[in-house]
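Shown next: my_file-v6.txt, given as compact mmCIF, C-alpha atoms.
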# COMPACT_ATOMS: atom_id res chain seq x y z
CA MET F 668 102.36 79.13 163.30
CA THR F 669 99.17 80.80 162.09
CA LYS F 670 96.82 78.51 160.21
CA TYR F 671 94.86 79.88 157.32
CA THR F 672 91.72 78.30 155.95
CA THR F 673 90.34 78.79 152.48
CA TYR F 674 86.73 79.94 152.43
CA LYS F 675 84.51 78.56 149.68
CA PHE F 676 81.12 80.13 149.17
CA GLU F 677 78.26 77.61 149.29
CA ARG F 678 75.00 79.39 148.60
CA GLU F 679 72.49 77.27 150.56
CA LYS F 680 74.82 76.81 153.51
CA PHE F 681 75.63 80.51 153.60
CA TRP F 682 72.02 81.74 153.60
CA ALA F 683 70.87 79.05 156.02
CA ASP F 684 73.08 80.65 158.68
CA PRO F 685 75.61 83.23 157.48
CA ALA F 686 77.37 83.42 160.87
CA ALA F 687 78.02 79.67 160.87
CA SER F 688 78.99 79.45 157.19
CA GLY F 689 82.69 80.22 157.69
CA ALA F 690 82.39 83.36 155.57
CA PRO F 691 84.50 86.38 156.51
CA GLU F 692 82.90 89.06 158.67
CA LYS F 693 82.88 91.51 155.77
CA ARG F 694 80.59 89.14 153.87
CA ILE F 695 78.19 88.28 156.69
CA ARG F 696 77.90 91.76 158.22
CA THR F 697 74.78 92.70 156.27
CA CYS F 698 73.49 89.16 155.80
CA ARG F 699 72.68 88.21 159.38
CA PRO F 700 68.92 87.92 159.99
CA GLU F 701 69.07 90.55 162.74
CA PHE F 702 70.29 93.14 160.25
CA TYR F 703 66.99 93.07 158.37
CA LEU F 704 64.62 93.51 161.31
CA GLY F 705 64.68 97.29 161.45
CA LEU F 706 64.63 98.24 157.76
CA ASP F 707 61.24 99.93 158.03
CA ASN F 708 61.85 102.24 155.08
CA VAL F 709 62.14 99.24 152.82
CA SER F 710 58.86 97.79 154.04
CA THR F 711 57.24 101.18 153.52
CA MET F 712 58.34 101.01 149.88
CA VAL F 713 56.85 97.53 149.49
CA VAL F 714 53.50 98.45 151.06
CA GLU F 715 53.11 101.77 149.25
CA THR F 716 53.90 100.18 145.91
CA ILE F 717 51.64 97.16 146.26
CA ARG F 718 48.79 99.38 147.47
CA GLN F 719 48.89 101.15 144.10
CA TYR F 720 48.50 98.01 142.02
CA ALA F 721 46.72 95.41 144.15
CA ASN F 722 43.45 95.07 146.02
CA LYS F 723 43.14 93.85 149.60
CA PRO F 724 41.61 90.47 148.57
CA ASP F 725 44.52 89.74 146.18
CA SER F 726 46.88 86.86 146.91
CA ILE F 727 50.51 87.91 147.39
CA LEU F 728 53.73 85.90 147.35
CA GLU F 729 57.09 87.21 148.52
CA ILE F 730 60.06 85.19 147.28
CA GLY F 731 62.85 85.57 149.83
CA CYS F 732 60.64 86.74 152.70
CA GLY F 733 63.44 86.57 155.29
CA THR F 734 62.44 87.81 158.72
CA GLY F 735 58.91 88.52 157.49
CA ARG F 736 59.23 92.28 157.94
CA ASN F 737 57.61 93.08 154.58
CA LEU F 738 54.84 90.50 154.89
CA VAL F 739 53.95 91.68 158.39
CA ALA F 740 53.79 95.27 157.11
CA LEU F 741 51.42 94.14 154.34
CA LYS F 742 49.29 92.30 156.88
CA LYS F 743 49.03 95.44 158.99
CA ALA F 744 48.04 97.35 155.85
CA GLY F 745 45.05 95.05 155.38
CA PHE F 746 46.30 92.38 152.98
CA LYS F 747 45.39 88.91 154.18
CA LYS F 748 46.28 86.34 151.52
CA LEU F 749 50.02 86.34 152.15
CA THR F 750 52.62 83.65 151.50
CA GLY F 751 56.39 83.66 151.68
CA ILE F 752 59.25 81.49 150.45
CA GLU F 753 62.46 81.65 152.47
CA ILE F 754 65.67 79.63 152.19
CA SER F 755 66.61 79.95 155.88
CA LEU F 756 64.62 78.43 158.73
CA LYS F 757 66.81 80.32 161.21
CA THR F 758 65.94 83.63 159.59
CA VAL F 759 62.23 82.83 159.83
CA GLU F 760 62.62 81.90 163.49
CA VAL F 761 64.42 85.18 164.21
CA GLY F 762 61.65 87.05 162.43
CA ARG F 763 58.86 85.27 164.28
CA ALA F 764 60.48 86.06 167.61
CA HIS F 765 60.54 89.75 166.64
CA PHE F 766 57.25 89.95 164.71
CA PRO F 767 54.58 87.76 166.39
CA GLU F 768 52.24 88.34 163.43
CA TYR F 769 54.70 86.48 161.21
CA LYS F 770 53.68 83.20 162.87
CA LYS F 771 50.27 83.48 161.21
CA ILE F 772 51.66 83.95 157.69
CA GLN F 773 52.25 80.85 155.59
CA THR F 774 55.97 80.44 155.00
CA ILE F 775 57.58 77.74 152.86
CA ILE F 776 61.17 76.88 153.76
CA GLY F 777 63.67 76.12 151.03
CA PRO F 778 65.52 77.65 148.07
CA ALA F 779 63.20 79.51 145.72
CA GLU F 780 64.14 77.38 142.73
CA LYS F 781 63.11 74.23 144.64
CA MET F 782 59.98 75.63 146.27
CA ILE F 783 58.44 77.51 143.35
CA ASP F 784 56.69 74.33 142.16
CA GLU F 785 55.17 73.89 145.62
CA VAL F 786 53.00 76.97 145.24
CA GLY F 787 50.20 77.89 142.87
CA ASP F 788 49.50 81.15 141.07
CA PHE F 789 49.29 84.52 142.84
CA ASP F 790 47.83 87.88 141.92
CA VAL F 791 51.06 89.57 143.02
CA ILE F 792 54.58 88.17 143.22
CA TYR F 793 57.33 90.39 144.53
CA THR F 794 60.97 90.11 145.52
CA GLN F 795 63.06 92.42 147.60
CA GLY F 796 66.76 91.65 147.54
CA CYS F 797 66.34 87.99 146.56
CA LEU F 798 66.66 87.56 142.79
CA MET F 799 70.08 89.17 142.85
CA HIS F 800 71.25 86.16 144.85
CA ILE F 801 69.91 83.60 142.35
CA PRO F 802 72.90 82.17 140.42
CA PRO F 803 72.88 82.00 136.62
CA GLU F 804 72.10 78.27 136.52
CA HIS F 805 68.74 78.97 138.15
CA GLU F 806 67.66 81.94 136.03
CA TRP F 807 64.80 79.79 134.68
CA LEU F 808 63.10 80.83 137.94
CA PHE F 809 62.28 84.20 136.37
CA ALA F 810 60.11 82.52 133.73
CA GLU F 811 58.28 80.61 136.45
CA ILE F 812 57.56 83.86 138.27
CA ALA F 813 56.27 85.36 135.01
CA LYS F 814 53.91 82.39 134.57
CA LYS F 815 52.64 82.23 138.15
CA ALA F 816 51.93 85.94 138.62
CA ARG F 817 48.41 86.87 137.43
CA LYS F 818 48.47 90.62 137.82
CA VAL F 819 51.62 92.28 139.18
CA ILE F 820 55.33 91.56 139.54
CA MET F 821 57.49 93.84 141.64
CA THR F 822 61.26 93.54 141.94
CA SER F 823 63.58 95.51 144.19
CA GLU F 824 67.03 94.24 143.37
CA GLY F 825 70.65 95.24 142.90
CA GLU F 826 71.16 96.15 139.25
CA SER F 827 74.66 97.58 138.99
CA LEU F 828 75.96 95.61 136.02
CA ARG F 829 79.50 96.68 136.89
CA VAL F 830 79.46 95.15 140.36
CA GLU F 831 79.24 91.45 141.12
CA SER F 832 80.35 89.18 143.93
CA GLU F 833 80.39 85.53 144.80
CA HIS F 834 76.89 85.79 146.24
CA ALA F 835 75.19 88.34 143.99
CA TRP F 836 74.49 88.52 140.27
CA ASN F 837 73.15 91.88 139.12
CA ARG F 838 70.79 92.01 136.17
CA ASP F 839 68.44 94.36 134.32
CA TYR F 840 65.01 93.06 135.36
CA LYS F 841 63.20 95.28 132.89
CA VAL F 842 64.87 93.41 130.05
CA ILE F 843 64.16 90.05 131.69
CA PHE F 844 60.47 90.45 132.47
CA GLU F 845 59.49 92.42 129.39
CA ALA F 846 60.97 89.57 127.34
CA LEU F 847 58.60 87.28 129.29
CA GLY F 848 55.48 89.22 128.29
CA TRP F 849 55.27 91.86 131.03
CA VAL F 850 55.43 95.65 130.75
CA GLU F 851 57.25 97.91 133.18
CA VAL F 852 55.01 100.69 134.51
CA GLU F 853 57.16 102.08 137.30
CA MET F 854 60.80 102.24 138.35
CA GLU F 855 62.49 103.97 141.27
CA THR F 856 66.01 103.89 142.68
CA GLY F 857 66.54 102.58 146.19
CA ASP F 858 68.21 105.68 147.60
CA HIS F 859 64.71 107.04 148.30
CA TYR F 860 64.48 104.34 151.00
CA PRO F 861 67.71 104.30 153.01
CA PRO F 862 69.81 102.32 153.64
CA LEU F 863 69.18 101.07 150.09
CA PRO F 864 71.63 102.52 147.56
CA ALA F 865 70.83 103.96 144.14
CA THR F 866 72.04 100.73 142.57
CA THR F 867 69.03 98.95 144.03
CA VAL F 868 66.14 99.44 141.60
CA LYS F 869 62.43 98.93 142.23
CA ARG F 870 60.49 97.92 139.14
CA VAL F 871 56.78 97.21 138.75
CA PHE F 872 55.46 95.10 135.88
CA LEU F 873 51.94 94.43 134.64
CA ARG F 874 50.74 91.92 132.09
CA LYS F 875 50.20 93.51 128.69
CA GLU F 876 46.52 92.62 128.76
CA MET F 877 46.12 94.38 132.12
CA LEU F 878 47.08 97.68 130.53
CA THR F 879 43.93 97.64 128.44
CA ALA F 880 41.61 96.15 131.07
CA GLY F 881 38.05 97.36 130.71
CA ALA F 882 36.45 99.71 133.21
CA GLU F 883 33.88 97.03 134.01
CA ASP F 884 36.64 94.91 135.54
CA GLU F 885 36.78 95.71 139.27
CA ARG F 886 40.51 95.08 139.14
CA ALA F 887 41.11 97.25 136.09
CA ILE F 888 44.27 99.28 136.01
CA PRO F 889 43.88 103.07 136.45
CA VAL F 890 43.67 105.07 133.22
CA ASP F 891 46.99 106.81 133.79
CA LEU F 892 48.69 103.42 133.71
CA GLN F 893 47.04 102.30 130.46
CA LEU F 894 50.09 103.08 128.36
CA GLU F 895 51.12 101.61 125.06
CA VAL F 896 54.07 99.29 124.96
CA GLY F 897 57.15 101.34 124.15
CA GLN F 898 55.70 104.51 125.62
CA LEU F 899 57.44 103.92 128.93
CA SER F 900 60.99 105.11 129.44
CA ASP F 901 63.68 104.03 131.84
CA PRO F 902 65.57 107.12 133.03
CA PHE F 903 67.80 105.16 135.38
CA ASP F 904 71.39 106.38 135.13
CA ILE F 905 73.42 103.80 137.02
CA ARG F 906 75.60 105.17 139.80
CA ILE F 907 77.95 103.22 142.03
CA GLU F 908 77.51 104.35 145.61
CA GLU F 909 78.29 103.00 149.02
CA GLY F 910 75.23 101.31 150.40
CA ILE F 911 73.54 98.09 151.29
CA GLU F 912 71.95 95.75 148.79
CA VAL F 913 69.02 94.39 150.80
Give the structure from this file in structure tokens form.
Amino acid sequence: MTKYTTYKFEREKFWADPAASGAPEKRIRTCRPEFYLGLDNVSTMVVETIRQYANKPDSILEIGCGTGRNLVALKKAGFKKLTGIEISLKTVEVGRAHFPEYKKIQTIIGPAEKMIDEVGDFDVIYTQGCLMHIPPEHEWLFAEIAKKARKVIMTSEGESLRVESEHAWNRDYKVIFEALGWVEVEMETGDHYPPLPATTVKRVFLRKEMLTAGAEDERAIPVDLQLEVGQLSDPFDIRIEEGIEV
């Protein structure tokens, strides 16, 4: 007689080691650490975006740094003050075996909602495929990010409000962070960086006061970004496509 077992999703257990979590193969296929090692297009997006809004001496925090692919790319681009928070020690170990430079980047192990109080403020805080996996009971984390970021917040997250699963909660991050005192200055759909789908959306936010920073400030925002609140538009027309939310 065939025995069937009921799978129950447990967030911390799942992300600590998806393959050992008991989840079905369909769920873990794109969640194994090894899957993320070669997503160079995604790291290109991260580096190119942060280059536009941050200076090399700025401190940068990635929440959900995974295998370290993005942080290593930033290090190679000349950024030095790098820190990551990652829920899975195994994922970090896989990343360090693949990216030797990752060993020299400070990485804090634990769920973001538990580790956020362990870190100070940063010039730049960014996420890439992490906030979408934060359950509703921990949404207070977004306000903590808004408080701890001094200069820039970047999100690259699944935002299809018509698609949810047991391990992903899709939201409109423009609504969330503008309500917390930030202003969106850039958005782009993920299909420009395969294998990300169009339902992954990159958004860049600046503090309102940064938009009117004086020219005497060496970290002042370029003139073409000094826009009035409400002048920015969000042309994103949601489309459901096959793809990977990373």
- Please provide the set of residues having any atom within 8 Å of F:Pro861, restricted to only C-alpha atoms, with same-chain residues fewer than 4 positions apart removed, written as number ranges by chain. F: 708-709, 857
Atom CA of F:Lys875 sits from atom CA of F:Glu811 at a separation of 17.1 Å
Notebook entry, point to check: Which neighbours of F:Lys748 fall inside 12 Å, counting all atoms listed in the file, when residues of the same chain fewer than 3 positions from it are skipped, and could you give them as a PyMOL selection string?
Noted result: chain F and resi 721-729+738-739+741-742+744-745+751+771-774+789-792
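The residue that comes closest to F:Arg718, out of F:Met799, F:Met877, F:Cys732, F:Ala740 and on the basis of all atoms listed in the file, is F:Ala740.
Closest approach to F:Ser823 from the set F:Thr734, F:Thr716, F:Thr758, F:Thr697 is made by F:Thr716, with distances taken over all atoms listed in the file.
The two atoms in question, atom CA of F:Lys869 and atom CA of F:Thr822, are spaced 5.5 Å apart.
Proximity to F:Ala687 was assessed for F:His800, F:Arg699, F:Glu845, F:Leu704 counting all atoms listed in the file; the smallest distance is recorded for F:Arg699.
Between F:Pro864 and the residues F:Glu692, F:Gly825, F:Thr711, F:Ala846, the shortest atom-to-atom distance, using only C-alpha atoms, involves F:Gly825.
If you measure from each of F:Pro685, F:Pro700, F:Gly733, F:Pro691 to F:Thr794 using all atoms listed in the file, the closest one turns out to be F:Gly733.
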The distance between atom CA of F:Asp788 and atom CA of F:Ile730 is 12.9 Å
Residue with the minimum atom-to-atom distance to F:Tyr769, picked from F:Met712, F:Leu749, F:Leu808, F:Leu706 with only C-alpha atoms counted, is F:Leu749
Near-F:Trp836 list (9 Å; all atoms listed in the file; drop same-chain fewer than 6 positions) as number ranges by chain: F: 798-803, 825-826, 828, 830
